[in-house]
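J.: This structure is in structure tokens; I'll ask about it shortly.
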Amino acid sequence: MNWKLAARYALCLFLLQFVLGFAEGVFTPTSSDPSADLGFFLVGLAVSLLASATLFLVLSARHPPDRWMRAVVVLLIYTVSSLALDRVVSFWLDSVPTVLAMIDWLGVAVGALVGTSVGALLAARVAVAASQASRQDA
């Protein structure tokens with residue numbers, strides 16, 4: 001297990017989610033209409049899921065050994081660091097409701113599952129194509 005690699009990807013995930021959350025906070029209009037608020041929340045959740053799936057796809061495709069263990073470690077490091085930052089920031093800012101934070105984390109976890117699965121499939125296809133090409137050359 002390459003811990004430095006896992007820490008780098010966790011930092012990338014953390015920064016990616018931080019930027020997305022900041023953008024969501026800046027660009028989401030405040031309204032009294034709950035359906036509009038729900039729509040913006042769902043769009044933000046979908047973008048977060050796609051972004052984390054892309055990051056985990058790259059991790060899985062580029063670093064095949066122990067891809068599932070590495071994905072779990074990256075997700076664990078991300079979760080611990082984001083919870084720690086939430087505790088620190090909660091002294092100055094309003095805290096996010098726990099349910100919303102859990103839904104957001106589930107979006108990242110689903111993105112990790114989807115991205116790692118697709119990355120494993122892509123890596124397997126590349127390996128099959130490479131072995132077929134080498135057989136044809138021989």
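Each chain in the structure tokens gets a letter, A, B, ..., in the order shown, and its residues are numbered from 1; ligands are numbered from 1 in order too.
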Excluding region 99-104 of chain A and any residue of its chain fewer than 6 positions from it, enumerate the residues within 12 Å of it, using only C-alpha atoms, and give them as a PDB file with all heavy atoms, in the first residue's frame.
T.:
```
ATOM      1  N   GLN A  17     -13.792  18.718  -3.448  1.00  0.00           N
ATOM      2  CA  GLN A  17     -15.059  18.874  -2.747  1.00  0.00           C
ATOM      3  C   GLN A  17     -15.152  20.250  -2.082  1.00  0.00           C
ATOM      4  O   GLN A  17     -16.244  20.836  -2.016  1.00  0.00           O
ATOM      5  CB  GLN A  17     -15.243  17.765  -1.714  1.00  0.00           C
ATOM      6  CG  GLN A  17     -15.397  16.392  -2.315  1.00  0.00           C
ATOM      7  CD  GLN A  17     -16.605  16.282  -3.213  1.00  0.00           C
ATOM      8  OE1 GLN A  17     -17.666  16.833  -2.932  1.00  0.00           O
ATOM      9  NE2 GLN A  17     -16.453  15.571  -4.310  1.00  0.00           N
ATOM     10  N   PHE A  18     -14.032  20.765  -1.606  1.00  0.00           N
ATOM     11  CA  PHE A  18     -14.037  22.100  -1.008  1.00  0.00           C
ATOM     12  C   PHE A  18     -14.402  23.151  -2.049  1.00  0.00           C
ATOM     13  O   PHE A  18     -15.244  24.028  -1.796  1.00  0.00           O
ATOM     14  CB  PHE A  18     -12.667  22.408  -0.392  1.00  0.00           C
ATOM     15  CG  PHE A  18     -12.585  23.764   0.230  1.00  0.00           C
ATOM     16  CD1 PHE A  18     -13.068  23.989   1.507  1.00  0.00           C
ATOM     17  CD2 PHE A  18     -12.027  24.829  -0.458  1.00  0.00           C
ATOM     18  CE1 PHE A  18     -13.001  25.246   2.083  1.00  0.00           C
ATOM     19  CE2 PHE A  18     -11.958  26.093   0.102  1.00  0.00           C
ATOM     20  CZ  PHE A  18     -12.442  26.297   1.381  1.00  0.00           C
ATOM     21  N   LEU A  20     -15.992  22.686  -4.912  1.00  0.00           N
ATOM     22  CA  LEU A  20     -17.388  22.496  -5.320  1.00  0.00           C
ATOM     23  C   LEU A  20     -18.355  23.032  -4.267  1.00  0.00           C
ATOM     24  O   LEU A  20     -19.357  23.676  -4.597  1.00  0.00           O
ATOM     25  CB  LEU A  20     -17.672  21.018  -5.597  1.00  0.00           C
ATOM     26  CG  LEU A  20     -17.027  20.438  -6.846  1.00  0.00           C
ATOM     27  CD1 LEU A  20     -17.264  18.935  -6.906  1.00  0.00           C
ATOM     28  CD2 LEU A  20     -17.547  21.111  -8.091  1.00  0.00           C
ATOM     29  N   GLY A  21     -18.074  22.773  -3.002  1.00  0.00           N
ATOM     30  CA  GLY A  21     -18.928  23.282  -1.928  1.00  0.00           C
ATOM     31  C   GLY A  21     -18.893  24.796  -1.837  1.00  0.00           C
ATOM     32  O   GLY A  21     -19.923  25.439  -1.609  1.00  0.00           O
ATOM     33  N   LEU A  38     -34.120  22.494  -3.235  1.00  0.00           N
ATOM     34  CA  LEU A  38     -33.881  21.070  -3.443  1.00  0.00           C
ATOM     35  C   LEU A  38     -33.238  20.827  -4.808  1.00  0.00           C
ATOM     36  O   LEU A  38     -32.325  20.010  -4.931  1.00  0.00           O
ATOM     37  CB  LEU A  38     -35.194  20.282  -3.333  1.00  0.00           C
ATOM     38  CG  LEU A  38     -35.090  18.767  -3.556  1.00  0.00           C
ATOM     39  CD1 LEU A  38     -34.229  18.138  -2.473  1.00  0.00           C
ATOM     40  CD2 LEU A  38     -36.462  18.149  -3.595  1.00  0.00           C
ATOM     41  N   PHE A  41     -29.626  21.748  -4.581  1.00  0.00           N
ATOM     42  CA  PHE A  41     -28.928  20.742  -3.781  1.00  0.00           C
ATOM     43  C   PHE A  41     -28.666  19.481  -4.598  1.00  0.00           C
ATOM     44  O   PHE A  41     -27.568  18.918  -4.557  1.00  0.00           O
ATOM     45  CB  PHE A  41     -29.732  20.413  -2.519  1.00  0.00           C
ATOM     46  CG  PHE A  41     -29.109  19.332  -1.688  1.00  0.00           C
ATOM     47  CD1 PHE A  41     -27.976  19.599  -0.936  1.00  0.00           C
ATOM     48  CD2 PHE A  41     -29.651  18.062  -1.664  1.00  0.00           C
ATOM     49  CE1 PHE A  41     -27.383  18.599  -0.173  1.00  0.00           C
ATOM     50  CE2 PHE A  41     -29.078  17.061  -0.902  1.00  0.00           C
ATOM     51  CZ  PHE A  41     -27.939  17.331  -0.149  1.00  0.00           C
ATOM     52  N   LEU A  42     -29.653  19.040  -5.359  1.00  0.00           N
ATOM     53  CA  LEU A  42     -29.492  17.825  -6.169  1.00  0.00           C
ATOM     54  C   LEU A  42     -28.481  18.023  -7.298  1.00  0.00           C
ATOM     55  O   LEU A  42     -27.714  17.105  -7.616  1.00  0.00           O
ATOM     56  CB  LEU A  42     -30.843  17.372  -6.718  1.00  0.00           C
ATOM     57  CG  LEU A  42     -31.829  16.847  -5.673  1.00  0.00           C
ATOM     58  CD1 LEU A  42     -33.166  16.502  -6.317  1.00  0.00           C
ATOM     59  CD2 LEU A  42     -31.254  15.651  -4.935  1.00  0.00           C
ATOM     60  N   VAL A  43     -28.474  19.199  -7.891  1.00  0.00           N
ATOM     61  CA  VAL A  43     -27.473  19.484  -8.933  1.00  0.00           C
ATOM     62  C   VAL A  43     -26.076  19.468  -8.317  1.00  0.00           C
ATOM     63  O   VAL A  43     -25.143  18.882  -8.883  1.00  0.00           O
ATOM     64  CB  VAL A  43     -27.771  20.834  -9.620  1.00  0.00           C
ATOM     65  CG1 VAL A  43     -26.588  21.294 -10.453  1.00  0.00           C
ATOM     66  CG2 VAL A  43     -29.009  20.724 -10.486  1.00  0.00           C
ATOM     67  N   GLY A  44     -25.919  20.083  -7.165  1.00  0.00           N
ATOM     68  CA  GLY A  44     -24.625  20.062  -6.485  1.00  0.00           C
ATOM     69  C   GLY A  44     -24.197  18.660  -6.108  1.00  0.00           C
ATOM     70  O   GLY A  44     -23.025  18.297  -6.234  1.00  0.00           O
ATOM     71  N   LEU A  45     -25.146  17.855  -5.674  1.00  0.00           N
ATOM     72  CA  LEU A  45     -24.849  16.471  -5.321  1.00  0.00           C
ATOM     73  C   LEU A  45     -24.428  15.672  -6.547  1.00  0.00           C
ATOM     74  O   LEU A  45     -23.474  14.882  -6.494  1.00  0.00           O
ATOM     75  CB  LEU A  45     -26.074  15.830  -4.661  1.00  0.00           C
ATOM     76  CG  LEU A  45     -25.914  14.431  -4.100  1.00  0.00           C
ATOM     77  CD1 LEU A  45     -24.878  14.425  -2.992  1.00  0.00           C
ATOM     78  CD2 LEU A  45     -27.248  13.921  -3.582  1.00  0.00           C
ATOM     79  N   ALA A  46     -25.101  15.887  -7.668  1.00  0.00           N
ATOM     80  CA  ALA A  46     -24.751  15.178  -8.904  1.00  0.00           C
ATOM     81  C   ALA A  46     -23.358  15.579  -9.401  1.00  0.00           C
ATOM     82  O   ALA A  46     -22.571  14.727  -9.826  1.00  0.00           O
ATOM     83  CB  ALA A  46     -25.798  15.444  -9.981  1.00  0.00           C
ATOM     84  N   VAL A  47     -23.044  16.855  -9.325  1.00  0.00           N
ATOM     85  CA  VAL A  47     -21.716  17.321  -9.748  1.00  0.00           C
ATOM     86  C   VAL A  47     -20.643  16.752  -8.821  1.00  0.00           C
ATOM     87  O   VAL A  47     -19.577  16.305  -9.275  1.00  0.00           O
ATOM     88  CB  VAL A  47     -21.670  18.866  -9.784  1.00  0.00           C
ATOM     89  CG1 VAL A  47     -20.260  19.376  -9.964  1.00  0.00           C
ATOM     90  CG2 VAL A  47     -22.564  19.393 -10.884  1.00  0.00           C
ATOM     91  N   SER A  48     -20.921  16.715  -7.537  1.00  0.00           N
ATOM     92  CA  SER A  48     -19.986  16.144  -6.576  1.00  0.00           C
ATOM     93  C   SER A  48     -19.765  14.658  -6.838  1.00  0.00           C
ATOM     94  O   SER A  48     -18.632  14.173  -6.796  1.00  0.00           O
ATOM     95  CB  SER A  48     -20.520  16.361  -5.158  1.00  0.00           C
ATOM     96  OG  SER A  48     -19.733  15.696  -4.219  1.00  0.00           O
ATOM     97  N   LEU A  49     -20.837  13.947  -7.117  1.00  0.00           N
ATOM     98  CA  LEU A  49     -20.738  12.516  -7.410  1.00  0.00           C
ATOM     99  C   LEU A  49     -19.910  12.282  -8.675  1.00  0.00           C
ATOM    100  O   LEU A  49     -19.016  11.424  -8.689  1.00  0.00           O
ATOM    101  CB  LEU A  49     -22.138  11.916  -7.577  1.00  0.00           C
ATOM    102  CG  LEU A  49     -22.217  10.411  -7.647  1.00  0.00           C
ATOM    103  CD1 LEU A  49     -23.472   9.933  -6.952  1.00  0.00           C
ATOM    104  CD2 LEU A  49     -22.225   9.908  -9.055  1.00  0.00           C
ATOM    105  N   SER A  52     -16.140  13.112  -7.960  1.00  0.00           N
ATOM    106  CA  SER A  52     -15.453  12.086  -7.165  1.00  0.00           C
ATOM    107  C   SER A  52     -15.335  10.776  -7.945  1.00  0.00           C
ATOM    108  O   SER A  52     -14.319  10.080  -7.844  1.00  0.00           O
ATOM    109  CB  SER A  52     -16.161  11.869  -5.826  1.00  0.00           C
ATOM    110  OG  SER A  52     -17.464  11.393  -6.004  1.00  0.00           O
ATOM    111  N   THR A  79     -12.642  11.515   4.719  1.00  0.00           N
ATOM    112  CA  THR A  79     -13.700  11.651   5.717  1.00  0.00           C
ATOM    113  C   THR A  79     -13.158  12.208   7.028  1.00  0.00           C
ATOM    114  O   THR A  79     -13.741  13.134   7.605  1.00  0.00           O
ATOM    115  CB  THR A  79     -14.376  10.289   5.966  1.00  0.00           C
ATOM    116  OG1 THR A  79     -14.890   9.799   4.732  1.00  0.00           O
ATOM    117  CG2 THR A  79     -15.487  10.393   6.966  1.00  0.00           C
ATOM    118  N   SER A  82     -12.149  15.909   6.532  1.00  0.00           N
ATOM    119  CA  SER A  82     -13.288  16.824   6.396  1.00  0.00           C
ATOM    120  C   SER A  82     -14.047  16.966   7.715  1.00  0.00           C
ATOM    121  O   SER A  82     -14.538  18.061   8.031  1.00  0.00           O
ATOM    122  CB  SER A  82     -14.221  16.373   5.280  1.00  0.00           C
ATOM    123  OG  SER A  82     -14.808  15.139   5.581  1.00  0.00           O
ATOM    124  N   LEU A  83     -14.141  15.895   8.484  1.00  0.00           N
ATOM    125  CA  LEU A  83     -14.779  16.009   9.801  1.00  0.00           C
ATOM    126  C   LEU A  83     -13.958  16.892  10.744  1.00  0.00           C
ATOM    127  O   LEU A  83     -14.522  17.679  11.513  1.00  0.00           O
ATOM    128  CB  LEU A  83     -14.976  14.629  10.421  1.00  0.00           C
ATOM    129  CG  LEU A  83     -16.085  13.772   9.818  1.00  0.00           C
ATOM    130  CD1 LEU A  83     -16.072  12.374  10.417  1.00  0.00           C
ATOM    131  CD2 LEU A  83     -17.433  14.428  10.015  1.00  0.00           C
ATOM    132  N   ASP A  86     -14.480  20.427   9.696  1.00  0.00           N
ATOM    133  CA  ASP A  86     -15.830  20.843  10.091  1.00  0.00           C
ATOM    134  C   ASP A  86     -15.874  21.239  11.560  1.00  0.00           C
ATOM    135  O   ASP A  86     -16.531  22.212  11.932  1.00  0.00           O
ATOM    136  CB  ASP A  86     -16.822  19.719   9.807  1.00  0.00           C
ATOM    137  CG  ASP A  86     -18.233  20.109  10.196  1.00  0.00           C
ATOM    138  OD1 ASP A  86     -18.722  21.141   9.691  1.00  0.00           O
ATOM    139  OD2 ASP A  86     -18.847  19.393  11.020  1.00  0.00           O
ATOM    140  N   VAL A 110     -20.604   6.929  -3.163  1.00  0.00           N
ATOM    141  CA  VAL A 110     -21.137   6.308  -4.387  1.00  0.00           C
ATOM    142  C   VAL A 110     -20.226   6.633  -5.565  1.00  0.00           C
ATOM    143  O   VAL A 110     -19.952   5.778  -6.417  1.00  0.00           O
ATOM    144  CB  VAL A 110     -22.591   6.752  -4.643  1.00  0.00           C
ATOM    145  CG1 VAL A 110     -23.062   6.347  -6.023  1.00  0.00           C
ATOM    146  CG2 VAL A 110     -23.511   6.164  -3.583  1.00  0.00           C
ATOM    147  N   GLY A 111     -19.721   7.863  -5.618  1.00  0.00           N
ATOM    148  CA  GLY A 111     -18.764   8.221  -6.659  1.00  0.00           C
ATOM    149  C   GLY A 111     -17.511   7.376  -6.577  1.00  0.00           C
ATOM    150  O   GLY A 111     -16.960   6.957  -7.607  1.00  0.00           O
TER     151      GLY A 111
END
```
J.: Taking only C-alpha atoms into account, which of A:Ser31, A:Ser60, A:Ser81, A:Ser131 comes nearest Leu11 (chain A)?
T.: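 Checking each candidate against Leu11 (chain A), we get A:Ser81 as the closest.
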J.: Please identify all polymer residues within 10 Å of Val114 (chain A), counting only C-alpha atoms, omitting same-chain residues fewer than 6 positions from it, and present them as a PDB file with all heavy atoms, in the first residue's frame.
T.:
```pdb
ATOM      1  N   LEU A  49     -20.837  13.947  -7.117  1.00  0.00           N
ATOM      2  CA  LEU A  49     -20.738  12.516  -7.410  1.00  0.00           C
ATOM      3  C   LEU A  49     -19.910  12.282  -8.675  1.00  0.00           C
ATOM      4  O   LEU A  49     -19.016  11.424  -8.689  1.00  0.00           O
ATOM      5  CB  LEU A  49     -22.138  11.916  -7.577  1.00  0.00           C
ATOM      6  CG  LEU A  49     -22.217  10.411  -7.647  1.00  0.00           C
ATOM      7  CD1 LEU A  49     -23.472   9.933  -6.952  1.00  0.00           C
ATOM      8  CD2 LEU A  49     -22.225   9.908  -9.055  1.00  0.00           C
ATOM      9  N   LEU A  50     -20.161  13.037  -9.723  1.00  0.00           N
ATOM     10  CA  LEU A  50     -19.403  12.884 -10.968  1.00  0.00           C
ATOM     11  C   LEU A  50     -17.930  13.238 -10.784  1.00  0.00           C
ATOM     12  O   LEU A  50     -17.051  12.560 -11.319  1.00  0.00           O
ATOM     13  CB  LEU A  50     -20.017  13.743 -12.067  1.00  0.00           C
ATOM     14  CG  LEU A  50     -21.311  13.227 -12.675  1.00  0.00           C
ATOM     15  CD1 LEU A  50     -21.888  14.257 -13.646  1.00  0.00           C
ATOM     16  CD2 LEU A  50     -21.085  11.913 -13.388  1.00  0.00           C
ATOM     17  N   SER A  52     -16.140  13.112  -7.960  1.00  0.00           N
ATOM     18  CA  SER A  52     -15.453  12.086  -7.165  1.00  0.00           C
ATOM     19  C   SER A  52     -15.335  10.776  -7.945  1.00  0.00           C
ATOM     20  O   SER A  52     -14.319  10.080  -7.844  1.00  0.00           O
ATOM     21  CB  SER A  52     -16.161  11.869  -5.826  1.00  0.00           C
ATOM     22  OG  SER A  52     -17.464  11.393  -6.004  1.00  0.00           O
ATOM     23  N   ALA A  53     -16.337  10.446  -8.758  1.00  0.00           N
ATOM     24  CA  ALA A  53     -16.240   9.244  -9.588  1.00  0.00           C
ATOM     25  C   ALA A  53     -15.085   9.365 -10.579  1.00  0.00           C
ATOM     26  O   ALA A  53     -14.347   8.398 -10.806  1.00  0.00           O
ATOM     27  CB  ALA A  53     -17.557   8.998 -10.325  1.00  0.00           C
ATOM     28  N   THR A  54     -14.909  10.544 -11.143  1.00  0.00           N
ATOM     29  CA  THR A  54     -13.809  10.757 -12.077  1.00  0.00           C
ATOM     30  C   THR A  54     -12.461  10.604 -11.385  1.00  0.00           C
ATOM     31  O   THR A  54     -11.547   9.959 -11.914  1.00  0.00           O
ATOM     32  CB  THR A  54     -13.922  12.151 -12.720  1.00  0.00           C
ATOM     33  OG1 THR A  54     -15.191  12.259 -13.357  1.00  0.00           O
ATOM     34  CG2 THR A  54     -12.824  12.398 -13.722  1.00  0.00           C
ATOM     35  N   PHE A  56     -11.766   8.855  -8.667  1.00  0.00           N
ATOM     36  CA  PHE A  56     -11.543   7.454  -8.320  1.00  0.00           C
ATOM     37  C   PHE A  56     -11.334   6.581  -9.563  1.00  0.00           C
ATOM     38  O   PHE A  56     -10.628   5.585  -9.502  1.00  0.00           O
ATOM     39  CB  PHE A  56     -12.696   6.919  -7.464  1.00  0.00           C
ATOM     40  CG  PHE A  56     -12.560   7.304  -6.024  1.00  0.00           C
ATOM     41  CD1 PHE A  56     -13.248   8.391  -5.516  1.00  0.00           C
ATOM     42  CD2 PHE A  56     -11.736   6.597  -5.173  1.00  0.00           C
ATOM     43  CE1 PHE A  56     -13.128   8.759  -4.190  1.00  0.00           C
ATOM     44  CE2 PHE A  56     -11.601   6.949  -3.838  1.00  0.00           C
ATOM     45  CZ  PHE A  56     -12.298   8.038  -3.347  1.00  0.00           C
ATOM     46  N   LEU A  57     -11.933   6.963 -10.686  1.00  0.00           N
ATOM     47  CA  LEU A  57     -11.681   6.248 -11.940  1.00  0.00           C
ATOM     48  C   LEU A  57     -10.210   6.378 -12.322  1.00  0.00           C
ATOM     49  O   LEU A  57      -9.559   5.388 -12.681  1.00  0.00           O
ATOM     50  CB  LEU A  57     -12.568   6.814 -13.047  1.00  0.00           C
ATOM     51  CG  LEU A  57     -12.504   6.116 -14.388  1.00  0.00           C
ATOM     52  CD1 LEU A  57     -13.879   6.134 -15.038  1.00  0.00           C
ATOM     53  CD2 LEU A  57     -11.506   6.738 -15.313  1.00  0.00           C
ATOM     54  N   VAL A 108     -20.223  11.187  -2.330  1.00  0.00           N
ATOM     55  CA  VAL A 108     -18.798  10.938  -2.552  1.00  0.00           C
ATOM     56  C   VAL A 108     -18.508   9.433  -2.503  1.00  0.00           C
ATOM     57  O   VAL A 108     -17.748   8.901  -3.319  1.00  0.00           O
ATOM     58  CB  VAL A 108     -17.936  11.702  -1.528  1.00  0.00           C
ATOM     59  CG1 VAL A 108     -16.473  11.329  -1.647  1.00  0.00           C
ATOM     60  CG2 VAL A 108     -18.110  13.193  -1.703  1.00  0.00           C
ATOM     61  N   ALA A 120     -11.607  -0.145 -12.854  1.00  0.00           N
ATOM     62  CA  ALA A 120     -11.187  -1.549 -12.903  1.00  0.00           C
ATOM     63  C   ALA A 120     -11.596  -2.186 -14.228  1.00  0.00           C
ATOM     64  O   ALA A 120     -10.822  -2.942 -14.826  1.00  0.00           O
ATOM     65  CB  ALA A 120     -11.797  -2.315 -11.730  1.00  0.00           C
TER      66      ALA A 120
END
```
J.: I'd like the neighbourhood of Ala123 (chain A) as a list in words, where a residue qualifies if any of its atoms comes within 10 Å (using only C-alpha atoms), though same-chain residues fewer than 4 positions away should be ignored.
T.: Leu57, Ser60, Ala61, Arg62, His63, Pro64, Ser117, Val118, Gly119, Ala127, Val128 and Ala129 of chain A
J.: Write out as JSON, numbers by chain all residues of chain A that DSSP puts in helix (DSSP H, G or I) for this structure's backbone.
T.: {"A": [3, 4, 5, 6, 7, 8, 9, 10, 11, 12, 13, 14, 15, 16, 17, 18, 19, 20, 21, 22, 23, 24, 25, 26, 27, 34, 35, 36, 37, 38, 39, 40, 41, 42, 43, 44, 45, 46, 47, 48, 49, 50, 51, 52, 53, 54, 55, 56, 57, 58, 59, 60, 61, 62, 67, 68, 69, 70, 71, 72, 73, 74, 75, 76, 77, 78, 79, 80, 81, 82, 83, 84, 85, 86, 87, 88, 89, 98, 99, 100, 101, 102, 103, 104, 105, 106, 107, 108, 109, 110, 111, 112, 113, 114, 115, 116, 117, 118, 119, 120, 121, 122, 123, 124, 125, 126, 127, 128, 129, 130, 131, 132, 133, 134, 135, 136, 137]}
J.: List as a ChimeraX atom specification the protein and nucleic acid residues near Pro29 (chain A), meaning an atom at most 12 Å away when only C-alpha atoms are counted, but skip any in the same chain fewer than 5 places from it.
T.: /A:23-24,34,36-41
J.: Could you jot down the CA of Arg8 (chain A) to CA of Ala112 (chain A) separation for me, Å, one decimal place?
T.: 15.3 Å
J.: Hey, which of A:Leu15, A:Leu121, A:Val26, A:Met69 ends up closest to Trp3 (chain A)? Count only C-alpha atoms.
T.: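 Residue with the minimum atom-to-atom distance to Trp3 (chain A): A:Met69.
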